[in-house]
file entry-v5.cif (mmCIF, C-alpha atoms)
data_structure
loop_
_atom_site.label_atom_id
_atom_site.label_comp_id
_atom_site.auth_asym_id
_atom_site.auth_seq_id
_atom_site.Cartn_x
_atom_site.Cartn_y
_atom_site.Cartn_z
CA MET O 1 0.00 0.00 0.00
CA LYS O 2 1.09 3.59 -0.59
CA PHE O 3 1.17 6.03 2.31
CA GLY O 4 1.65 9.77 2.16
CA VAL O 5 3.12 11.34 5.31
CA MET O 6 2.77 14.95 6.43
CA VAL O 7 4.85 16.43 9.26
CA ASN O 8 3.74 19.72 10.82
CA GLU O 9 6.10 20.02 13.77
CA GLY O 10 9.85 20.50 14.22
CA PRO O 11 12.23 17.94 15.73
CA PHE O 12 12.63 19.84 19.02
CA THR O 13 9.06 20.81 19.81
CA HIS O 14 7.42 17.66 21.06
CA GLN O 15 7.26 14.14 19.63
CA ALA O 16 5.49 14.37 16.27
CA SER O 17 8.63 14.32 14.10
CA ASP O 18 9.88 11.23 15.94
CA THR O 19 6.54 9.46 15.58
CA ALA O 20 6.40 10.38 11.88
CA TYR O 21 9.92 9.07 11.33
CA ARG O 22 9.29 5.80 13.17
CA PHE O 23 5.95 5.31 11.40
CA THR O 24 7.55 5.92 7.99
CA LYS O 25 10.42 3.55 8.80
CA ALA O 26 8.03 0.80 9.95
CA ALA O 27 5.91 1.31 6.82
CA VAL O 28 8.75 0.98 4.31
CA GLU O 29 10.35 -1.87 6.24
CA GLY O 30 6.97 -3.60 6.29
CA GLY O 31 6.85 -3.63 2.50
CA HIS O 32 4.67 -0.53 2.02
CA GLN O 33 5.65 2.48 -0.07
CA VAL O 34 6.04 6.03 1.19
CA PRO O 35 6.78 7.97 -1.99
CA ARG O 36 6.99 11.34 -0.25
CA VAL O 37 7.04 13.03 3.15
CA PHE O 38 5.72 16.58 3.08
CA PHE O 39 7.00 19.00 5.74
CA TYR O 40 4.77 21.95 6.56
CA PHE O 41 4.64 24.67 9.26
CA ASP O 42 7.48 24.12 11.81
CA GLY O 43 7.97 20.70 10.21
CA VAL O 44 10.32 22.43 7.76
CA ASN O 45 12.92 22.49 10.55
CA ASN O 46 13.39 18.76 9.99
CA GLY O 47 15.45 19.66 6.92
CA ASN O 48 17.91 22.17 8.41
CA LYS O 49 21.46 20.92 7.92
CA LEU O 50 22.80 23.50 10.38
CA SER O 51 21.05 21.62 13.18
CA GLU O 52 23.63 19.96 15.43
CA PRO O 53 22.04 18.00 18.28
CA GLN O 54 24.35 16.74 21.02
CA ALA O 55 25.96 13.35 20.42
CA ASP O 56 23.59 11.50 22.79
CA ASP O 57 20.47 12.96 21.14
CA ARG O 58 18.85 11.52 18.03
CA ASN O 59 19.58 13.48 14.87
CA LEU O 60 16.30 13.47 12.95
CA VAL O 61 17.61 15.62 10.10
CA LYS O 62 20.23 12.97 9.38
CA LEU O 63 17.85 10.05 10.03
CA TRP O 64 15.32 11.36 7.52
CA GLY O 65 18.04 11.75 4.90
CA GLU O 66 19.31 8.21 5.47
CA LEU O 67 15.81 6.70 5.37
CA ALA O 68 15.02 8.64 2.19
CA ALA O 69 18.22 7.46 0.50
CA ALA O 70 17.59 3.83 1.46
CA HIS O 71 13.97 3.74 0.32
CA GLY O 72 13.70 6.40 -2.37
CA ILE O 73 11.54 8.78 -0.37
CA ASP O 74 11.05 12.31 -1.69
CA LEU O 75 11.44 14.72 1.26
CA VAL O 76 9.64 17.93 0.36
CA ILE O 77 9.64 21.13 2.39
CA CYS O 78 6.91 23.70 1.79
CA VAL O 79 8.42 26.82 0.26
CA ALA O 80 6.22 29.39 2.01
CA ALA O 81 6.65 27.76 5.43
CA ALA O 82 10.40 27.46 4.77
CA LEU O 83 11.01 31.06 3.74
CA ARG O 84 9.12 32.34 6.79
CA ARG O 85 11.56 30.45 8.95
CA GLY O 86 14.73 31.33 7.06
CA MET O 87 15.02 27.87 5.56
CA LYS O 88 16.70 28.26 2.16
CA ASP O 89 18.36 25.92 -0.32
CA GLU O 90 21.77 26.82 1.16
CA ILE O 91 20.91 25.22 4.49
CA LEU O 92 18.86 22.31 3.20
CA ALA O 93 20.05 18.91 4.40
CA GLU O 94 20.88 15.98 2.11
CA GLY O 95 17.78 14.34 0.68
CA PHE O 96 15.42 17.32 1.10
CA ARG O 97 14.09 19.69 -1.53
CA ILE O 98 11.94 22.82 -1.37
CA SER O 99 8.71 22.89 -3.34
CA GLY O 100 5.08 23.96 -3.07
CA LEU O 101 1.80 22.80 -1.59
CA GLY O 102 0.93 21.22 -4.93
CA GLN O 103 3.28 18.42 -3.90
CA LEU O 104 1.03 17.68 -0.93
CA VAL O 105 -2.08 17.59 -3.11
CA GLU O 106 -0.33 15.33 -5.59
CA LEU O 107 0.80 13.08 -2.74
CA GLY O 108 -2.79 12.73 -1.53
CA LEU O 109 -3.93 11.75 -5.01
CA ALA O 110 -1.09 9.31 -5.62
CA THR O 111 -1.36 7.39 -2.32
CA ASP O 112 -3.95 5.22 -0.58
CA ARG O 113 -3.67 6.93 2.81
CA THR O 114 -2.45 10.25 4.16
CA VAL O 115 -1.16 10.27 7.72
CA VAL O 116 -0.63 13.61 9.47
CA PHE O 117 1.75 14.11 12.37
CA GLY O 118 1.81 17.34 14.34
CA ASP O 119 1.20 19.03 17.65
CA MET U 1 -24.65 2.78 -1.26
CA LYS U 2 -21.13 1.45 -1.17
CA GLY U 3 -19.81 -0.40 1.88
CA GLU U 4 -19.33 1.85 4.86
CA ARG U 5 -15.90 3.43 5.11
CA LYS U 6 -14.20 3.04 8.44
CA MET U 7 -11.81 5.50 9.97
CA LEU U 8 -8.80 5.28 12.22
CA HIS U 9 -8.44 8.20 14.64
CA THR U 10 -5.17 9.07 16.33
CA VAL U 11 -5.03 11.11 19.55
CA ASN U 12 -1.58 12.37 20.57
CA LYS U 13 -2.29 14.61 23.54
CA SER U 14 -2.98 13.77 27.17
CA PRO U 15 -6.63 14.18 28.23
CA TYR U 16 -5.24 16.29 31.12
CA GLU U 17 -3.71 18.76 28.66
CA ARG U 18 -6.18 19.09 25.79
CA ASN U 19 -9.68 18.05 24.87
CA THR U 20 -8.82 16.27 21.61
CA LEU U 21 -9.72 12.84 23.02
CA GLU U 22 -13.07 14.19 24.18
CA SER U 23 -13.70 15.69 20.72
CA CYS U 24 -12.70 12.45 19.04
CA LEU U 25 -15.01 10.39 21.27
CA ARG U 26 -17.86 12.81 20.63
CA LEU U 27 -17.50 13.01 16.85
CA ALA U 28 -16.09 9.67 15.70
CA LYS U 29 -18.57 7.26 14.20
CA ALA U 30 -19.23 4.00 16.04
CA GLY U 31 -17.16 1.25 14.49
CA SER U 32 -14.09 3.48 14.19
CA ALA U 33 -10.73 2.62 15.70
CA ILE U 34 -8.93 5.00 18.04
CA LEU U 35 -5.15 4.80 18.48
CA LEU U 36 -3.62 6.62 21.45
CA ILE U 37 -0.06 7.79 20.76
CA GLU U 38 2.53 10.11 22.36
CA ASP U 39 0.97 11.80 25.44
CA GLY U 40 -2.38 10.36 24.35
CA VAL U 41 -1.31 7.08 25.98
CA TYR U 42 -2.15 8.53 29.42
CA ALA U 43 -5.82 7.98 28.54
CA ALA U 44 -5.25 4.20 28.39
CA ILE U 45 -4.22 3.80 32.04
CA ALA U 46 -6.80 1.99 34.18
CA GLY U 47 -8.01 3.75 37.31
CA SER U 48 -6.89 7.21 36.18
CA ALA U 49 -9.16 10.25 36.25
CA ALA U 50 -9.72 10.01 32.49
CA ALA U 51 -10.20 6.23 32.38
CA ASP U 52 -14.00 6.29 32.49
CA GLN U 53 -14.41 8.22 29.25
CA VAL U 54 -12.50 5.50 27.39
CA ALA U 55 -13.89 2.54 29.34
CA ALA U 56 -17.45 3.72 28.69
CA ARG U 57 -16.95 3.58 24.90
CA THR U 58 -15.29 0.23 24.30
CA ASP U 59 -18.51 -1.04 22.70
CA ASP U 60 -18.47 1.79 20.16
CA PHE U 61 -14.78 1.90 19.27
CA THR U 62 -11.78 -0.38 19.00
CA PHE U 63 -9.09 1.18 21.19
CA HIS U 64 -5.37 0.74 20.63
CA VAL U 65 -2.37 2.27 22.34
CA LEU U 66 1.21 2.60 21.08
CA GLY U 67 3.38 0.41 23.35
CA PRO U 68 6.71 2.21 22.79
CA ASP U 69 5.08 5.47 23.98
CA ILE U 70 3.80 3.77 27.15
CA GLU U 71 7.31 2.48 27.85
CA ALA U 72 8.90 5.87 27.09
CA ARG U 73 6.76 7.37 29.87
CA GLY U 74 7.63 4.76 32.47
CA LEU U 75 4.10 3.37 32.42
CA ALA U 76 4.96 -0.18 31.33
CA ASP U 77 3.96 -1.64 34.71
CA LYS U 78 0.58 0.13 34.81
CA GLN U 79 -2.59 -1.76 34.12
CA LEU U 80 -4.42 -0.68 30.99
CA ILE U 81 -8.17 -0.24 30.63
CA ASP U 82 -9.83 -3.52 29.61
CA GLY U 83 -10.35 -3.65 25.86
CA VAL U 84 -7.39 -1.42 24.96
CA ALA U 85 -4.94 -3.33 22.76
CA VAL U 86 -1.23 -2.53 22.70
CA VAL U 87 0.42 -2.19 19.28
CA ASP U 88 3.95 -1.37 18.16
CA TYR U 89 4.88 0.77 15.12
CA THR U 90 4.27 -2.19 12.83
CA GLY U 91 0.80 -2.49 14.34
CA PHE U 92 0.29 1.28 13.79
CA VAL U 93 1.12 0.78 10.09
CA GLU U 94 -1.23 -2.21 9.88
CA LEU U 95 -4.08 -0.17 11.41
CA VAL U 96 -3.54 2.59 8.85
CA ALA U 97 -3.72 -0.01 6.07
CA GLU U 98 -6.75 -1.73 7.56
CA TYR U 99 -8.95 1.37 7.89
CA ASP U 100 -10.03 3.49 4.93
CA ALA U 101 -8.78 6.83 6.21
CA VAL U 102 -6.86 8.35 9.11
CA GLN U 103 -7.92 11.38 11.14
CA SER U 104 -5.21 12.85 13.37
CA TRP U 105 -6.72 14.86 16.24
CA LEU U 106 -4.11 17.57 16.68
#

call {"tool": "encode", "arguments": {"input": "entry-v5.cif", "output": "structure tokens"}}
result
Amino acid sequence: MKFGVMVNEGPFTHQASDTAYRFTKAAVEGGHQVPRVFFYFDGVNNGNKLSEPQADDRNLVKLWGELAAAHGIDLVICVAAALRRGMKDEILAEGFRISGLGQLVELGLATDRTVVFGD
Amino acid sequence: MKGERKMLHTVNKSPYERNTLESCLRLAKAGSAILLIEDGVYAAIAGSAAADQVAARTDDFTFHVLGPDIEARGLADKQLIDGVAVVDYTGFVELVAEYDAVQSWL
């Protein structure tokens, strides 16, 4: 089955980014497809390569990139939400790209389920 | 009429912090599944102040709770409300596949 995932919260707010990551990982490892994860609102902070958590903390920016590379997941950050927060191409982590809300609509049409994670 | 579509609802906030569980219980259609995740897992603990609102609806809904989030909160030794099933992330994925749509109460 194909799942679309939407993340509306940053990695250091509460737990939604972690839940989204672990759900996505379980889905692709369980034989399902997650063609794209769409990051909206503070969720765009998941793609900031300048983020440097301490060594004993999980690094979601890196984890998303690795999961995307291993399973061909398109990590899309909403352009309007990104620019508001100073997120530009120059600071975009490996595996992420900036695009528009159309990518979310397309994701909803191309998948069987849309799962939203946020606060 | 086509077969009735069934929905999975996720609740990620504690019933002591927000009223999303209450809204979900009020508006979800009987036959839906409700998955408690993140701080939402506090609503699955038997004998707690919020337990009655879940326990009273086990005939209407199938309740599930995300086990890793119970463990992360040090609640692994607590008794859960009868009728609430524990799932892991694989179980979460299976629920999403099993039901026709997912509503996240945020």

call {"tool": "resolve_selection", "arguments": {"input": "entry-v5.cif", "expression": "the PyMOL selection byres ((chain U) within 7 of (chain O))", "output": "list in words"}}
result
Glu38, Tyr89, Thr90, Val93, Ala101, Val102, Ser104 and Leu106 of chain U

call {"tool": "residues_near_point", "arguments": {"input": "entry-v5.cif", "point": "(19.7, 13.4, -0.4)", "cutoff": "10 Å", "atoms": "all atoms listed in the file", "output": "ChimeraX atom specification"}}
result
/O:62,64-70,72-75,92-97

call {"tool": "closest_residue", "arguments": {"input": "entry-v5.cif", "among": "U:Gln53, U:Thr10, U:Ser48, U:Thr20", "to": "U:Leu80", "atoms": "all atoms listed in the file"}}
result
U:Ser48

call {"tool": "axis_aligned_box", "arguments": {"input": "entry-v5.cif", "around": "stretch 53-59 of chain U", "padding_each_side": "5 Å", "output": "lines of an AutoDock Vina configuration file"}}
result
center_x = -15.5
center_y = 3.6
center_z = 26.0
size_x = 16.0
size_y = 19.3
size_z = 16.6

call {"tool": "atom_distance", "arguments": {"input": "entry-v5.cif", "atom1": "atom CA of U:Glu71", "atom2": "atom CA of O:Ser17"}}
result
18.2 Å

call {"tool": "atom_distance", "arguments": {"input": "entry-v5.cif", "atom1": "atom CA of U:Ala76", "atom2": "atom CA of U:Asp88"}}
result
13.3 Å

call {"tool": "resolve_selection", "arguments": {"input": "entry-v5.cif", "expression": "the PyMOL selection byres ((chain U and resi 5) around 12)", "output": "PyMOL selection string"}}
result
chain U and resi 1-4+6-8+29-33+98-102

call {"tool": "write_last_selection", "arguments": {"input": "entry-v5.cif", "atoms": "C-alpha atoms", "output": "compact mmCIF listing (two decimals), in the frame of the given file"}}
result
# COMPACT_ATOMS: atom_id res chain seq x y z
CA MET U 1 -24.65 2.78 -1.26
CA LYS U 2 -21.13 1.45 -1.17
CA GLY U 3 -19.81 -0.40 1.88
CA GLU U 4 -19.33 1.85 4.86
CA LYS U 6 -14.20 3.04 8.44
CA MET U 7 -11.81 5.50 9.97
CA LEU U 8 -8.80 5.28 12.22
CA LYS U 29 -18.57 7.26 14.20
CA ALA U 30 -19.23 4.00 16.04
CA GLY U 31 -17.16 1.25 14.49
CA SER U 32 -14.09 3.48 14.19
CA ALA U 33 -10.73 2.62 15.70
CA GLU U 98 -6.75 -1.73 7.56
CA TYR U 99 -8.95 1.37 7.89
CA ASP U 100 -10.03 3.49 4.93
CA ALA U 101 -8.78 6.83 6.21
CA VAL U 102 -6.86 8.35 9.11

call {"tool": "atom_distance", "arguments": {"input": "entry-v5.cif", "atom1": "atom CA of O:Gly10", "atom2": "atom CA of O:Asn46"}}
result
5.8 Å

call {"tool": "resolve_selection", "arguments": {"input": "entry-v5.cif", "expression": "the PyMOL selection byres ((chain U and resi 41) around 8)", "output": "list in words"}}
result
Asn12, Lys13, Ser14, Leu36, Ile37, Glu38, Asp39, Gly40, Tyr42, Ala43, Ala44, Ile45, Val65, Leu66, Asp69 and Ile70 of chain U

call {"tool": "closest_residue", "arguments": {"input": "entry-v5.cif", "among": "O:Leu50, O:Phe38, O:Ala20, O:Ile91", "to": "O:Leu107", "atoms": "all atoms listed in the file"}}
result
O:Phe38

call {"tool": "closest_residue", "arguments": {"input": "entry-v5.cif", "among": "U:Ala72, U:Val87, U:Leu95, U:Leu25", "to": "U:Thr58", "atoms": "only C-alpha atoms"}}
result
U:Leu25

call {"tool": "closest_residue", "arguments": {"input": "entry-v5.cif", "among": "U:Leu21, U:Ile81, U:Val11, U:Ala97", "to": "U:Leu35", "atoms": "only C-alpha atoms"}}
result
U:Val11

call {"tool": "closest_residue", "arguments": {"input": "entry-v5.cif", "among": "O:Pro35, O:Phe12, O:Gln54, O:Asp42", "to": "O:Arg84", "atoms": "all atoms listed in the file"}}
result
O:Asp42

call {"tool": "residues_around", "arguments": {"input": "entry-v5.cif", "residues": "O:Ile77", "least_positions_apart": "6", "cutoff": "7 Å", "atoms": "only C-alpha atoms", "output": "list of chain:residue names"}}
result
O:Phe38, O:Phe39, O:Tyr40, O:Val44, O:Arg97, O:Ile98, O:Ser99
